[in-house]
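Shown below: final_8.cif, with mmCIF, C-alpha atoms.
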```cif
data_entry
loop_
_atom_site.label_atom_id
_atom_site.label_comp_id
_atom_site.auth_asym_id
_atom_site.auth_seq_id
_atom_site.Cartn_x
_atom_site.Cartn_y
_atom_site.Cartn_z
CA MET Y 860 8.91 -18.37 -6.31
CA SER Y 861 11.67 -16.87 -8.42
CA ASP Y 862 12.86 -13.28 -8.48
CA GLY Y 863 13.19 -11.38 -11.72
CA ILE Y 864 14.77 -7.97 -12.04
CA ASP Y 865 16.06 -6.78 -8.72
CA ARG Y 866 16.63 -3.28 -7.51
CA ILE Y 867 17.56 -2.15 -4.04
CA ALA Y 868 16.64 1.42 -3.19
CA GLY Y 869 17.98 2.94 -0.02
CA GLY Y 870 18.76 0.72 2.93
CA ASP Y 871 20.53 1.81 6.05
CA GLN Y 872 24.16 2.41 5.25
CA GLY Y 873 26.16 -0.53 6.52
CA ASP Y 874 22.92 -2.45 7.02
CA GLU Y 875 23.00 -4.63 3.92
CA GLY Y 876 22.25 -7.60 6.17
CA ALA Y 877 18.90 -6.01 7.02
CA VAL Y 878 18.07 -5.55 3.34
CA GLU Y 879 18.79 -9.20 2.66
CA ALA Y 880 16.74 -10.30 5.69
CA VAL Y 881 13.82 -8.16 4.51
CA ARG Y 882 14.07 -9.66 1.03
CA ALA Y 883 13.88 -13.13 2.57
CA ALA Y 884 10.84 -12.16 4.65
CA ASN Y 885 9.19 -10.79 1.52
CA THR Y 886 9.90 -14.01 -0.38
CA ALA Y 887 8.41 -16.04 2.48
CA LEU Y 888 5.05 -14.29 1.95
CA TYR Y 889 4.84 -15.53 -1.62
CA ASP Y 890 6.24 -18.97 -0.74
CA ALA Y 891 3.46 -19.33 1.85
CA PHE Y 892 0.83 -18.42 -0.77
CA GLU Y 893 2.30 -20.73 -3.43
CA THR Y 894 2.42 -23.70 -1.08
CA GLY Y 895 -0.87 -22.91 0.69
CA ASP Y 896 1.02 -23.09 4.00
CA ILE Y 897 -1.08 -21.24 6.60
CA ASP Y 898 1.51 -21.89 9.33
CA LEU Y 899 4.19 -20.16 7.27
CA MET Y 900 1.70 -17.40 6.38
CA THR Y 901 1.02 -16.91 10.10
CA ALA Y 902 4.75 -16.74 10.82
CA VAL Y 903 5.22 -14.10 8.11
CA TRP Y 904 2.85 -11.63 9.77
CA LEU Y 905 3.25 -9.62 12.97
CA ASP Y 906 1.10 -10.71 15.87
CA ASP Y 907 -1.41 -8.03 16.81
CA SER Y 908 -0.09 -6.02 19.70
CA ALA Y 909 -0.95 -2.89 21.60
CA VAL Y 910 1.26 -1.00 19.17
CA GLU Y 911 0.84 -2.38 15.67
CA THR Y 912 -2.37 -3.59 14.02
CA VAL Y 913 -1.74 -5.51 10.83
CA THR Y 914 -3.45 -4.44 7.61
CA CYS Y 915 -4.00 -6.37 4.38
CA VAL Y 916 -5.48 -5.09 1.11
CA HIS Y 917 -5.99 -7.82 -1.50
CA PRO Y 918 -6.36 -6.60 -5.12
CA GLY Y 919 -9.74 -4.89 -5.46
CA TRP Y 920 -10.65 -5.46 -1.82
CA ALA Y 921 -11.29 -3.06 1.06
CA PRO Y 922 -8.67 -3.20 3.85
CA LEU Y 923 -8.71 -5.96 6.45
CA HIS Y 924 -7.34 -5.18 9.91
CA GLY Y 925 -6.06 -7.51 12.62
CA THR Y 926 -4.37 -10.90 12.61
CA GLY Y 927 -7.64 -12.89 12.75
CA PRO Y 928 -9.44 -11.36 9.75
CA VAL Y 929 -6.21 -11.16 7.71
CA LEU Y 930 -5.23 -14.80 8.22
CA ARG Y 931 -8.83 -15.97 7.63
CA SER Y 932 -8.78 -14.14 4.28
CA TRP Y 933 -5.56 -15.91 3.30
CA SER Y 934 -6.99 -19.28 4.33
CA MET Y 935 -10.04 -18.64 2.15
CA ILE Y 936 -8.00 -17.43 -0.83
CA MET Y 937 -5.53 -20.32 -0.60
CA ALA Y 938 -8.35 -22.87 -0.27
CA ASN Y 939 -9.82 -21.51 -3.52
CA THR Y 940 -6.52 -21.44 -5.42
CA SER Y 941 -5.68 -24.75 -7.12
CA TYR Y 942 -2.31 -23.51 -8.40
CA ILE Y 943 -0.39 -20.24 -8.24
CA GLN Y 944 3.17 -19.29 -9.01
CA PHE Y 945 4.77 -15.87 -8.60
CA VAL Y 946 7.59 -14.17 -10.41
CA LEU Y 947 8.44 -10.95 -8.60
CA THR Y 948 9.85 -8.07 -10.64
CA ASP Y 949 11.22 -4.61 -9.77
CA VAL Y 950 11.75 -5.52 -6.12
CA THR Y 951 12.79 -2.44 -4.13
CA VAL Y 952 13.71 -2.45 -0.44
CA SER Y 953 13.94 0.69 1.69
CA VAL Y 954 15.01 0.13 5.32
CA SER Y 955 14.76 2.92 7.89
CA GLY Y 956 15.41 2.00 11.51
CA ASP Y 957 13.11 -0.84 12.48
CA THR Y 958 10.78 -0.44 9.48
CA ALA Y 959 11.25 -1.66 5.92
CA VAL Y 960 9.18 -0.92 2.83
CA VAL Y 961 9.23 -3.35 -0.09
CA THR Y 962 7.53 -2.75 -3.42
CA CYS Y 963 7.36 -5.37 -6.13
CA GLY Y 964 5.50 -6.43 -9.22
CA GLU Y 965 3.54 -9.64 -8.66
CA ASN Y 966 3.44 -11.66 -11.88
CA MET Y 967 1.10 -14.58 -11.31
CA LEU Y 968 0.44 -17.80 -13.15
CA THR Y 969 -2.77 -19.36 -11.79
CA GLY Y 970 -4.74 -22.48 -12.49
CA LEU Y 971 -8.15 -21.81 -14.03
CA PRO Y 972 -11.09 -23.51 -12.25
CA SER Y 973 -12.01 -26.79 -13.91
CA THR Y 974 -15.58 -27.52 -14.96
CA PRO Y 975 -17.29 -30.75 -16.11
CA ALA Y 976 -17.14 -29.43 -19.68
CA ASP Y 977 -13.47 -28.46 -19.38
CA PRO Y 978 -11.64 -30.56 -16.77
CA SER Y 979 -8.20 -29.19 -17.81
CA PRO Y 980 -8.74 -25.49 -18.51
CA GLY Y 981 -5.05 -24.58 -18.21
CA LEU Y 982 -3.39 -21.50 -16.73
CA ALA Y 983 -3.97 -17.76 -16.72
CA GLY Y 984 -1.51 -14.92 -16.17
CA GLY Y 985 -2.03 -11.85 -14.02
CA HIS Y 986 -0.14 -8.79 -12.86
CA ALA Y 987 -0.41 -6.71 -9.72
CA VAL Y 988 1.82 -4.42 -7.68
CA ALA Y 989 2.36 -4.70 -3.94
CA THR Y 990 3.64 -2.59 -1.10
CA ASN Y 991 4.78 -4.68 1.87
CA VAL Y 992 5.80 -2.97 5.12
CA PHE Y 993 7.87 -5.01 7.58
CA ARG Y 994 8.73 -4.36 11.23
CA ARG Y 995 11.96 -5.59 12.86
CA THR Y 996 11.15 -7.75 15.90
CA SER Y 997 13.13 -9.98 18.24
CA SER Y 998 12.05 -12.87 15.97
CA GLY Y 999 13.05 -11.18 12.73
CA TRP Y 1000 11.26 -9.03 10.16
CA ARG Y 1001 7.48 -9.51 10.26
CA LEU Y 1002 4.82 -8.19 7.89
CA TRP Y 1003 2.83 -5.19 9.17
CA VAL Y 1004 1.06 -4.12 5.95
CA HIS Y 1005 0.38 -5.84 2.61
CA HIS Y 1006 -1.34 -3.76 -0.06
CA ALA Y 1007 -1.70 -5.29 -3.53
CA SER Y 1008 -3.55 -3.74 -6.45
CA PRO Y 1009 -4.21 -4.46 -10.11
CA VAL Y 1010 -2.22 -2.52 -12.70
CA LEU Y 1011 -4.74 -1.01 -15.11
CA ALA Y 1012 -2.83 1.78 -16.82
CA THR Y 1013 -0.16 1.13 -19.40
CA GLN Y 1014 2.12 3.87 -18.07
CA GLU Y 1015 5.62 2.82 -17.10
CA ALA Y 1016 7.09 3.78 -13.75
CA ASP Y 1017 9.73 6.39 -14.53
CA GLY Y 1018 11.31 6.28 -11.08
CA MET V 259 -11.82 17.58 2.92
CA SER V 260 -14.05 16.20 5.61
CA ASP V 261 -13.60 13.05 7.65
CA GLY V 262 -16.38 10.50 7.94
CA ILE V 263 -16.30 7.50 10.22
CA ASP V 264 -13.16 7.48 12.29
CA ARG V 265 -11.40 4.60 13.87
CA ILE V 266 -8.04 4.61 15.60
CA ALA V 267 -6.29 1.25 15.73
CA GLY V 268 -3.24 0.90 17.94
CA GLY V 269 -1.06 3.90 18.58
CA ASP V 270 1.79 4.05 21.05
CA GLN V 271 0.36 4.00 24.51
CA GLY V 272 0.50 7.52 25.89
CA ASP V 273 1.29 8.82 22.42
CA GLU V 274 -2.14 10.09 21.43
CA GLY V 275 -0.43 13.31 20.33
CA ALA V 276 1.43 11.34 17.68
CA VAL V 277 -1.80 9.80 16.40
CA GLU V 278 -3.37 13.24 16.06
CA ALA V 279 -0.27 14.62 14.32
CA VAL V 280 -0.32 11.68 11.88
CA ARG V 281 -4.01 12.28 11.18
CA ALA V 282 -3.22 15.93 10.39
CA ALA V 283 -0.38 14.90 8.06
CA ASN V 284 -2.74 12.47 6.32
CA THR V 285 -5.38 15.19 5.90
CA ALA V 286 -2.73 17.52 4.41
CA LEU V 287 -2.14 15.04 1.55
CA TYR V 288 -5.79 15.29 0.48
CA ASP V 289 -5.94 19.04 1.10
CA ALA V 290 -2.96 19.47 -1.23
CA PHE V 291 -4.70 17.41 -3.94
CA GLU V 292 -8.04 19.23 -3.53
CA THR V 293 -6.43 22.66 -3.79
CA GLY V 294 -3.86 21.68 -6.44
CA ASP V 295 -1.14 23.07 -4.16
CA ILE V 296 2.17 21.52 -5.28
CA ASP V 297 4.09 23.37 -2.53
CA LEU V 298 1.89 21.76 0.13
CA MET V 299 2.15 18.42 -1.70
CA THR V 300 5.95 18.74 -1.64
CA ALA V 301 5.88 19.52 2.09
CA VAL V 302 3.73 16.44 2.76
CA TRP V 303 6.35 14.03 1.37
CA LEU V 304 9.72 13.01 2.77
CA ASP V 305 12.72 14.33 0.90
CA ASP V 306 14.69 11.51 -0.67
CA SER V 307 17.59 10.60 1.56
CA ALA V 308 20.24 7.94 1.82
CA VAL V 309 17.83 5.99 4.01
CA GLU V 310 14.29 6.34 2.70
CA THR V 311 13.17 6.42 -0.92
CA VAL V 312 9.58 7.58 -1.31
CA THR V 313 7.10 5.39 -3.19
CA CYS V 314 3.74 6.29 -4.72
CA VAL V 315 1.18 3.97 -6.33
CA HIS V 316 -1.76 5.80 -7.91
CA PRO V 317 -4.88 3.67 -8.54
CA GLY V 318 -4.14 1.26 -11.38
CA TRP V 319 -0.57 2.52 -11.82
CA ALA V 320 2.78 0.84 -11.38
CA PRO V 321 4.88 2.20 -8.47
CA LEU V 322 6.80 5.47 -8.79
CA HIS V 323 9.97 5.86 -6.73
CA GLY V 324 11.81 9.02 -5.66
CA THR V 325 10.73 12.58 -4.89
CA GLY V 326 11.15 13.83 -8.48
CA PRO V 327 8.98 11.25 -10.29
CA VAL V 328 6.40 11.22 -7.49
CA LEU V 329 5.91 14.99 -7.39
CA ARG V 330 5.88 15.21 -11.20
CA SER V 331 3.06 12.65 -11.24
CA TRP V 332 1.06 14.74 -8.75
CA SER V 333 1.66 17.89 -10.81
CA MET V 334 0.36 16.12 -13.91
CA ILE V 335 -2.67 14.65 -12.14
CA MET V 336 -3.58 17.94 -10.45
CA ALA V 337 -3.19 19.86 -13.73
CA ASN V 338 -5.70 17.46 -15.31
CA THR V 339 -8.21 17.60 -12.44
CA SER V 340 -10.69 20.47 -12.74
CA TYR V 341 -12.37 19.67 -9.41
CA ILE V 342 -11.95 17.02 -6.75
CA GLN V 343 -13.27 16.65 -3.24
CA PHE V 344 -12.50 13.85 -0.78
CA VAL V 345 -14.48 12.36 2.05
CA LEU V 346 -12.27 9.94 3.96
CA THR V 347 -13.92 7.00 5.70
CA ASP V 348 -12.67 4.23 8.01
CA VAL V 349 -9.48 6.11 8.87
CA THR V 350 -7.17 3.91 10.94
CA VAL V 351 -3.85 5.03 12.41
CA SER V 352 -1.21 2.63 13.75
CA VAL V 353 1.90 4.30 15.22
CA SER V 354 4.99 2.25 16.10
CA GLY V 355 8.11 4.15 17.06
CA ASP V 356 8.95 6.62 14.29
CA THR V 357 6.67 5.01 11.71
CA ALA V 358 2.92 5.37 11.28
CA VAL V 359 0.56 3.47 8.97
CA VAL V 360 -2.74 5.06 7.95
CA THR V 361 -5.44 3.30 5.95
CA CYS V 362 -8.53 5.07 4.70
CA GLY V 363 -11.30 4.92 2.17
CA GLU V 364 -11.01 7.69 -0.41
CA ASN V 365 -14.48 8.76 -1.52
CA MET V 366 -14.05 11.19 -4.40
CA LEU V 367 -16.32 13.65 -6.12
CA THR V 368 -14.66 14.80 -9.36
CA GLY V 369 -15.56 17.17 -12.14
CA LEU V 370 -16.15 15.45 -15.48
CA PRO V 371 -14.18 16.90 -18.43
CA SER V 372 -16.24 19.38 -20.43
CA THR V 373 -16.65 19.03 -24.18
CA PRO V 374 -18.03 21.43 -26.83
CA ALA V 375 -21.20 19.31 -26.90
CA ASP V 376 -21.49 19.24 -23.10
CA PRO V 377 -19.84 22.28 -21.49
CA SER V 378 -21.28 21.46 -18.01
CA PRO V 379 -21.06 17.66 -17.68
CA GLY V 380 -21.38 17.66 -13.89
CA LEU V 381 -19.70 15.47 -11.29
CA ALA V 382 -18.78 11.82 -10.89
CA GLY V 383 -18.19 9.77 -7.76
CA GLY V 384 -15.39 7.29 -7.15
CA HIS V 385 -14.07 5.07 -4.38
CA ALA V 386 -10.57 3.84 -3.62
CA VAL V 387 -8.62 2.64 -0.60
CA ALA V 388 -5.24 3.96 0.44
CA THR V 389 -2.36 2.91 2.65
CA ASN V 390 -0.20 5.87 3.69
CA VAL V 391 3.05 5.28 5.61
CA PHE V 392 4.53 8.24 7.48
CA ARG V 393 7.97 8.72 9.05
CA ARG V 394 8.59 10.96 12.08
CA THR V 395 11.21 13.61 11.25
CA SER V 396 12.56 16.72 12.95
CA SER V 397 10.02 18.65 10.84
CA GLY V 398 7.07 16.45 11.70
CA TRP V 399 5.43 13.41 10.12
CA ARG V 400 6.24 13.10 6.41
CA LEU V 401 4.83 10.72 3.82
CA TRP V 402 7.08 7.79 2.86
CA VAL V 403 4.62 5.61 0.93
CA HIS V 404 1.21 6.26 -0.68
CA HIS V 405 -0.55 3.27 -2.24
CA ALA V 406 -4.09 3.79 -3.51
CA SER V 407 -6.16 1.20 -5.36
CA PRO V 408 -9.66 0.84 -6.76
CA VAL V 409 -12.17 -1.23 -4.80
CA LEU V 410 -13.62 -3.78 -7.18
CA ALA V 411 -15.11 -6.44 -4.91
CA THR V 412 -18.27 -5.90 -2.95
CA GLN V 413 -16.91 -7.68 0.12
CA GLU V 414 -16.93 -5.71 3.34
CA ALA V 415 -13.85 -5.48 5.52
CA ASP V 416 -14.61 -7.64 8.54
CA GLY V 417 -11.68 -6.36 10.61
#
```

structure tokens encoding of this file:
Amino acid sequence: MSDGIDRIAGGDQGDEGAVEAVRAANTALYDAFETGDIDLMTAVWLDDSAVETVTCVHPGWAPLHGTGPVLRSWSMIMANTSYIQFVLTDVTVSVSGDTAVVTCGENMLTGLPSTPADPSPGLAGGHAVATNVFRRTSSGWRLWVHHASPVLATQEADG
Amino acid sequence: MSDGIDRIAGGDQGDEGAVEAVRAANTALYDAFETGDIDLMTAVWLDDSAVETVTCVHPGWAPLHGTGPVLRSWSMIMANTSYIQFVLTDVTVSVSGDTAVVTCGENMLTGLPSTPADPSPGLAGGHAVATNVFRRTSSGWRLWVHHASPVLATQEADG
């Protein structure tokens, strides 16, 4: 996973270390997907607790809630993905207290499913945007919310 | 704006008041849109600060960052919406410290644009899902992140 354009918005003053740690946690999400590593994916997310319930919205999906359903969805998606590579663009990080919000463009290169007629169908590109909310814990920044959605309009963000 | 099915996930123990206050702040977002009230919409959102930068993802759009671009987008959308009514479903609220995450289904009834050939074209329905992140401030819960996206798949959330 390689980062493209990078932009840091906000961040606690004097807390640049937190911003960097959040960026690393965000990268780990996409590394886990690229490598199909469910153990790393599990480590990326918060454990369900009495306080936080994790939420995941895949592009075009309804929300999933709770560690079990969210990790099962990732297992299913990763099992059905032969190849995927991400280039993240316009990464913004906003840290406030023990919560961090990351937004980024997800630029994907995926392997097309092979068929008997076309055993080497090549690659396809895709683009989505994601909001990832992290919570600071005693074991580092963990993912509380992932919401990804397709970009349909051609408008440019002017912010 | 009327609420449909309601589900509360998590919430600080003994902090049911916070959950109710977050639900009211979430309702205010949709009330502002329904009534085209830019003053209420402004009051719903955090002011930009050194710490938090607000983020808004409209369905199919790239992210907007900062109070100015976000509120301008709402002004434009509301000016181009003759009629809209929301029924929110599957509302979940997760409060952790000074941050709250709300997810909900946005079921919309909108007025179709009239044309000379069809001056009364009637209404259209739509469905999206939203993640709304609120921050507790001295003036109540204010919106930090709004991410809404179309639901394309027919899969049901199993969480």

All Cα atoms, paired in order, least squares: that's the fit I need for chain V onto chain Y, output as a compact mmCIF listing (two decimals) with C-alpha atoms, in the frame of the given file.
```txt
# COMPACT_ATOMS: atom_id res chain seq x y z
CA MET V 259 8.93 -18.34 -6.42
CA SER V 260 11.69 -16.82 -8.47
CA ASP V 261 12.90 -13.24 -8.50
CA GLY V 262 13.24 -11.33 -11.75
CA ILE V 263 14.79 -7.90 -12.06
CA ASP V 264 16.09 -6.72 -8.73
CA ARG V 265 16.63 -3.24 -7.52
CA ILE V 266 17.56 -2.12 -4.04
CA ALA V 267 16.62 1.45 -3.19
CA GLY V 268 18.01 2.97 -0.01
CA GLY V 269 18.77 0.74 2.93
CA ASP V 270 20.55 1.80 6.08
CA GLN V 271 24.15 2.42 5.25
CA GLY V 272 26.16 -0.54 6.49
CA ASP V 273 22.95 -2.47 7.02
CA GLU V 274 23.00 -4.63 3.90
CA GLY V 275 22.25 -7.60 6.16
CA ALA V 276 18.91 -6.01 7.02
CA VAL V 277 18.06 -5.54 3.35
CA GLU V 278 18.78 -9.20 2.66
CA ALA V 279 16.74 -10.30 5.69
CA VAL V 280 13.82 -8.14 4.51
CA ARG V 281 14.06 -9.65 1.03
CA ALA V 282 13.89 -13.14 2.57
CA ALA V 283 10.84 -12.16 4.65
CA ASN V 284 9.19 -10.78 1.51
CA THR V 285 9.91 -14.00 -0.40
CA ALA V 286 8.40 -16.03 2.48
CA LEU V 287 5.03 -14.28 1.97
CA TYR V 288 4.84 -15.54 -1.63
CA ASP V 289 6.24 -18.96 -0.73
CA ALA V 290 3.47 -19.34 1.85
CA PHE V 291 0.83 -18.42 -0.76
CA GLU V 292 2.31 -20.73 -3.43
CA THR V 293 2.42 -23.71 -1.07
CA GLY V 294 -0.86 -22.92 0.71
CA ASP V 295 1.02 -23.10 4.02
CA ILE V 296 -1.08 -21.23 6.61
CA ASP V 297 1.52 -21.90 9.35
CA LEU V 298 4.20 -20.16 7.27
CA MET V 299 1.71 -17.41 6.39
CA THR V 300 1.02 -16.91 10.11
CA ALA V 301 4.76 -16.73 10.83
CA VAL V 302 5.22 -14.09 8.12
CA TRP V 303 2.84 -11.62 9.79
CA LEU V 304 3.25 -9.61 12.98
CA ASP V 305 1.09 -10.71 15.87
CA ASP V 306 -1.41 -8.02 16.80
CA SER V 307 -0.09 -6.01 19.70
CA ALA V 308 -0.95 -2.88 21.60
CA VAL V 309 1.25 -0.98 19.16
CA GLU V 310 0.83 -2.37 15.66
CA THR V 311 -2.37 -3.59 14.03
CA VAL V 312 -1.74 -5.52 10.83
CA THR V 313 -3.45 -4.43 7.62
CA CYS V 314 -4.01 -6.36 4.39
CA VAL V 315 -5.48 -5.10 1.11
CA HIS V 316 -5.98 -7.83 -1.50
CA PRO V 317 -6.36 -6.61 -5.11
CA GLY V 318 -9.72 -4.89 -5.46
CA TRP V 319 -10.65 -5.46 -1.81
CA ALA V 320 -11.29 -3.07 1.04
CA PRO V 321 -8.68 -3.19 3.85
CA LEU V 322 -8.72 -5.97 6.45
CA HIS V 323 -7.35 -5.17 9.91
CA GLY V 324 -6.07 -7.51 12.63
CA THR V 325 -4.37 -10.91 12.61
CA GLY V 326 -7.63 -12.90 12.75
CA PRO V 327 -9.43 -11.36 9.74
CA VAL V 328 -6.21 -11.17 7.72
CA LEU V 329 -5.24 -14.81 8.21
CA ARG V 330 -8.82 -15.98 7.63
CA SER V 331 -8.78 -14.15 4.29
CA TRP V 332 -5.55 -15.91 3.30
CA SER V 333 -7.00 -19.28 4.34
CA MET V 334 -10.04 -18.65 2.16
CA ILE V 335 -8.01 -17.45 -0.82
CA MET V 336 -5.52 -20.32 -0.60
CA ALA V 337 -8.34 -22.88 -0.27
CA ASN V 338 -9.81 -21.52 -3.52
CA THR V 339 -6.50 -21.45 -5.42
CA SER V 340 -5.67 -24.76 -7.12
CA TYR V 341 -2.29 -23.51 -8.39
CA ILE V 342 -0.39 -20.25 -8.23
CA GLN V 343 3.17 -19.30 -9.02
CA PHE V 344 4.78 -15.88 -8.60
CA VAL V 345 7.60 -14.17 -10.41
CA LEU V 346 8.45 -10.94 -8.60
CA THR V 347 9.86 -8.07 -10.63
CA ASP V 348 11.23 -4.61 -9.76
CA VAL V 349 11.75 -5.52 -6.11
CA THR V 350 12.78 -2.44 -4.13
CA VAL V 351 13.71 -2.45 -0.44
CA SER V 352 13.93 0.70 1.69
CA VAL V 353 15.01 0.13 5.32
CA SER V 354 14.77 2.93 7.89
CA GLY V 355 15.41 2.01 11.50
CA ASP V 356 13.10 -0.84 12.48
CA THR V 357 10.79 -0.43 9.49
CA ALA V 358 11.25 -1.66 5.93
CA VAL V 359 9.16 -0.92 2.83
CA VAL V 360 9.22 -3.36 -0.08
CA THR V 361 7.52 -2.76 -3.42
CA CYS V 362 7.35 -5.38 -6.13
CA GLY V 363 5.50 -6.44 -9.22
CA GLU V 364 3.54 -9.65 -8.66
CA ASN V 365 3.45 -11.66 -11.88
CA MET V 366 1.10 -14.59 -11.32
CA LEU V 367 0.45 -17.81 -13.15
CA THR V 368 -2.76 -19.37 -11.79
CA GLY V 369 -4.73 -22.49 -12.50
CA LEU V 370 -8.15 -21.82 -14.03
CA PRO V 371 -11.09 -23.52 -12.25
CA SER V 372 -12.05 -26.79 -13.92
CA THR V 373 -15.62 -27.49 -15.00
CA PRO V 374 -17.36 -30.70 -16.14
CA ALA V 375 -17.18 -29.37 -19.71
CA ASP V 376 -13.51 -28.41 -19.39
CA PRO V 377 -11.70 -30.55 -16.80
CA SER V 378 -8.23 -29.20 -17.82
CA PRO V 379 -8.75 -25.47 -18.51
CA GLY V 380 -5.06 -24.59 -18.21
CA LEU V 381 -3.39 -21.52 -16.74
CA ALA V 382 -3.95 -17.78 -16.72
CA GLY V 383 -1.51 -14.94 -16.17
CA GLY V 384 -2.04 -11.86 -14.02
CA HIS V 385 -0.13 -8.80 -12.87
CA ALA V 386 -0.41 -6.72 -9.71
CA VAL V 387 1.81 -4.43 -7.67
CA ALA V 388 2.35 -4.72 -3.95
CA THR V 389 3.63 -2.58 -1.11
CA ASN V 390 4.77 -4.67 1.86
CA VAL V 391 5.79 -2.96 5.13
CA PHE V 392 7.87 -4.99 7.58
CA ARG V 393 8.73 -4.34 11.23
CA ARG V 394 11.96 -5.57 12.87
CA THR V 395 11.15 -7.75 15.90
CA SER V 396 13.12 -9.99 18.24
CA SER V 397 12.05 -12.86 15.97
CA GLY V 398 13.05 -11.18 12.73
CA TRP V 399 11.26 -9.03 10.15
CA ARG V 400 7.48 -9.50 10.26
CA LEU V 401 4.82 -8.19 7.90
CA TRP V 402 2.82 -5.19 9.16
CA VAL V 403 1.05 -4.12 5.96
CA HIS V 404 0.38 -5.84 2.61
CA HIS V 405 -1.35 -3.77 -0.07
CA ALA V 406 -1.70 -5.31 -3.52
CA SER V 407 -3.56 -3.75 -6.44
CA PRO V 408 -4.22 -4.48 -10.10
CA VAL V 409 -2.24 -2.55 -12.70
CA LEU V 410 -4.73 -1.03 -15.10
CA ALA V 411 -2.79 1.75 -16.83
CA THR V 412 -0.13 1.07 -19.40
CA GLN V 413 2.15 3.81 -18.06
CA GLU V 414 5.63 2.74 -17.07
CA ALA V 415 7.10 3.71 -13.72
CA ASP V 416 9.70 6.35 -14.51
CA GLY V 417 11.32 6.26 -11.06
```

Near Y:Leu905, counting all atoms listed in the file, which residues have an atom at most 8 Å away, once you skip same-chain residues fewer than 3 positions from it, shown as a list in words? Ala902, Val913, Thr926, Arg994, Arg1001, Leu1002 and Trp1003 of chain Y

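When atom CA of Y:Leu968 is paired with atom CA of Y:Asn939, their separation reads 14.6 Å.
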
Report as a PDB file with C-alpha atoms, in the coordinates of the input all protein, DNA and RNA residues lying within 10 Å of Y:Ala891, evaluated on all atoms listed in the file, omitting residues in the same chain fewer than 2 positions from it.
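Result file is around.pdb:
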```
ATOM      1  CA  MET Y 860       8.910 -18.370  -6.310  1.00  0.00           C
ATOM      2  CA  THR Y 886       9.900 -14.010  -0.380  1.00  0.00           C
ATOM      3  CA  ALA Y 887       8.410 -16.040   2.480  1.00  0.00           C
ATOM      4  CA  LEU Y 888       5.050 -14.290   1.950  1.00  0.00           C
ATOM      5  CA  TYR Y 889       4.840 -15.530  -1.620  1.00  0.00           C
ATOM      6  CA  GLU Y 893       2.300 -20.730  -3.430  1.00  0.00           C
ATOM      7  CA  THR Y 894       2.420 -23.700  -1.080  1.00  0.00           C
ATOM      8  CA  GLY Y 895      -0.870 -22.910   0.690  1.00  0.00           C
ATOM      9  CA  ASP Y 896       1.020 -23.090   4.000  1.00  0.00           C
ATOM     10  CA  ILE Y 897      -1.080 -21.240   6.600  1.00  0.00           C
ATOM     11  CA  ASP Y 898       1.510 -21.890   9.330  1.00  0.00           C
ATOM     12  CA  LEU Y 899       4.190 -20.160   7.270  1.00  0.00           C
ATOM     13  CA  MET Y 900       1.700 -17.400   6.380  1.00  0.00           C
ATOM     14  CA  THR Y 901       1.020 -16.910  10.100  1.00  0.00           C
ATOM     15  CA  ALA Y 902       4.750 -16.740  10.820  1.00  0.00           C
ATOM     16  CA  VAL Y 903       5.220 -14.100   8.110  1.00  0.00           C
ATOM     17  CA  TRP Y 933      -5.560 -15.910   3.300  1.00  0.00           C
ATOM     18  CA  MET Y 937      -5.530 -20.320  -0.600  1.00  0.00           C
TER      19      MET Y 937
END
```

From the set V:Ser407, V:Asn390, V:Thr357, V:Thr313, which residue has the shortest atom-to-atom contact distance to V:Ser331, counting all atoms listed in the file?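 The answer is V:Thr313, which sits nearest to V:Ser331.
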
Report as a short mmCIF file (atom, residue, chain, number, x, y, z; two decimals) with C-alpha atoms, in the coordinates of the input the full result of the PyMOL selection byres ((chain Y and resi 954) around 12) when it is applied to this structure.
```cif
data_model
loop_
_atom_site.label_atom_id
_atom_site.label_comp_id
_atom_site.auth_asym_id
_atom_site.auth_seq_id
_atom_site.Cartn_x
_atom_site.Cartn_y
_atom_site.Cartn_z
CA ILE Y 867 17.56 -2.15 -4.04
CA ALA Y 868 16.64 1.42 -3.19
CA GLY Y 869 17.98 2.94 -0.02
CA GLY Y 870 18.76 0.72 2.93
CA ASP Y 871 20.53 1.81 6.05
CA GLN Y 872 24.16 2.41 5.25
CA GLY Y 873 26.16 -0.53 6.52
CA ASP Y 874 22.92 -2.45 7.02
CA GLU Y 875 23.00 -4.63 3.92
CA GLY Y 876 22.25 -7.60 6.17
CA ALA Y 877 18.90 -6.01 7.02
CA VAL Y 878 18.07 -5.55 3.34
CA GLU Y 879 18.79 -9.20 2.66
CA ALA Y 880 16.74 -10.30 5.69
CA VAL Y 881 13.82 -8.16 4.51
CA ARG Y 882 14.07 -9.66 1.03
CA THR Y 951 12.79 -2.44 -4.13
CA VAL Y 952 13.71 -2.45 -0.44
CA SER Y 953 13.94 0.69 1.69
CA SER Y 955 14.76 2.92 7.89
CA GLY Y 956 15.41 2.00 11.51
CA ASP Y 957 13.11 -0.84 12.48
CA THR Y 958 10.78 -0.44 9.48
CA ALA Y 959 11.25 -1.66 5.92
CA VAL Y 960 9.18 -0.92 2.83
CA VAL Y 961 9.23 -3.35 -0.09
CA THR Y 962 7.53 -2.75 -3.42
CA ASN Y 991 4.78 -4.68 1.87
CA VAL Y 992 5.80 -2.97 5.12
CA PHE Y 993 7.87 -5.01 7.58
CA ARG Y 994 8.73 -4.36 11.23
CA ARG Y 995 11.96 -5.59 12.86
CA TRP Y 1000 11.26 -9.03 10.16
CA SER V 307 17.59 10.60 1.56
CA ALA V 308 20.24 7.94 1.82
CA VAL V 309 17.83 5.99 4.01
CA GLU V 310 14.29 6.34 2.70
CA THR V 311 13.17 6.42 -0.92
CA VAL V 312 9.58 7.58 -1.31
CA THR V 357 6.67 5.01 11.71
CA ARG V 393 7.97 8.72 9.05
CA TRP V 402 7.08 7.79 2.86
#
```
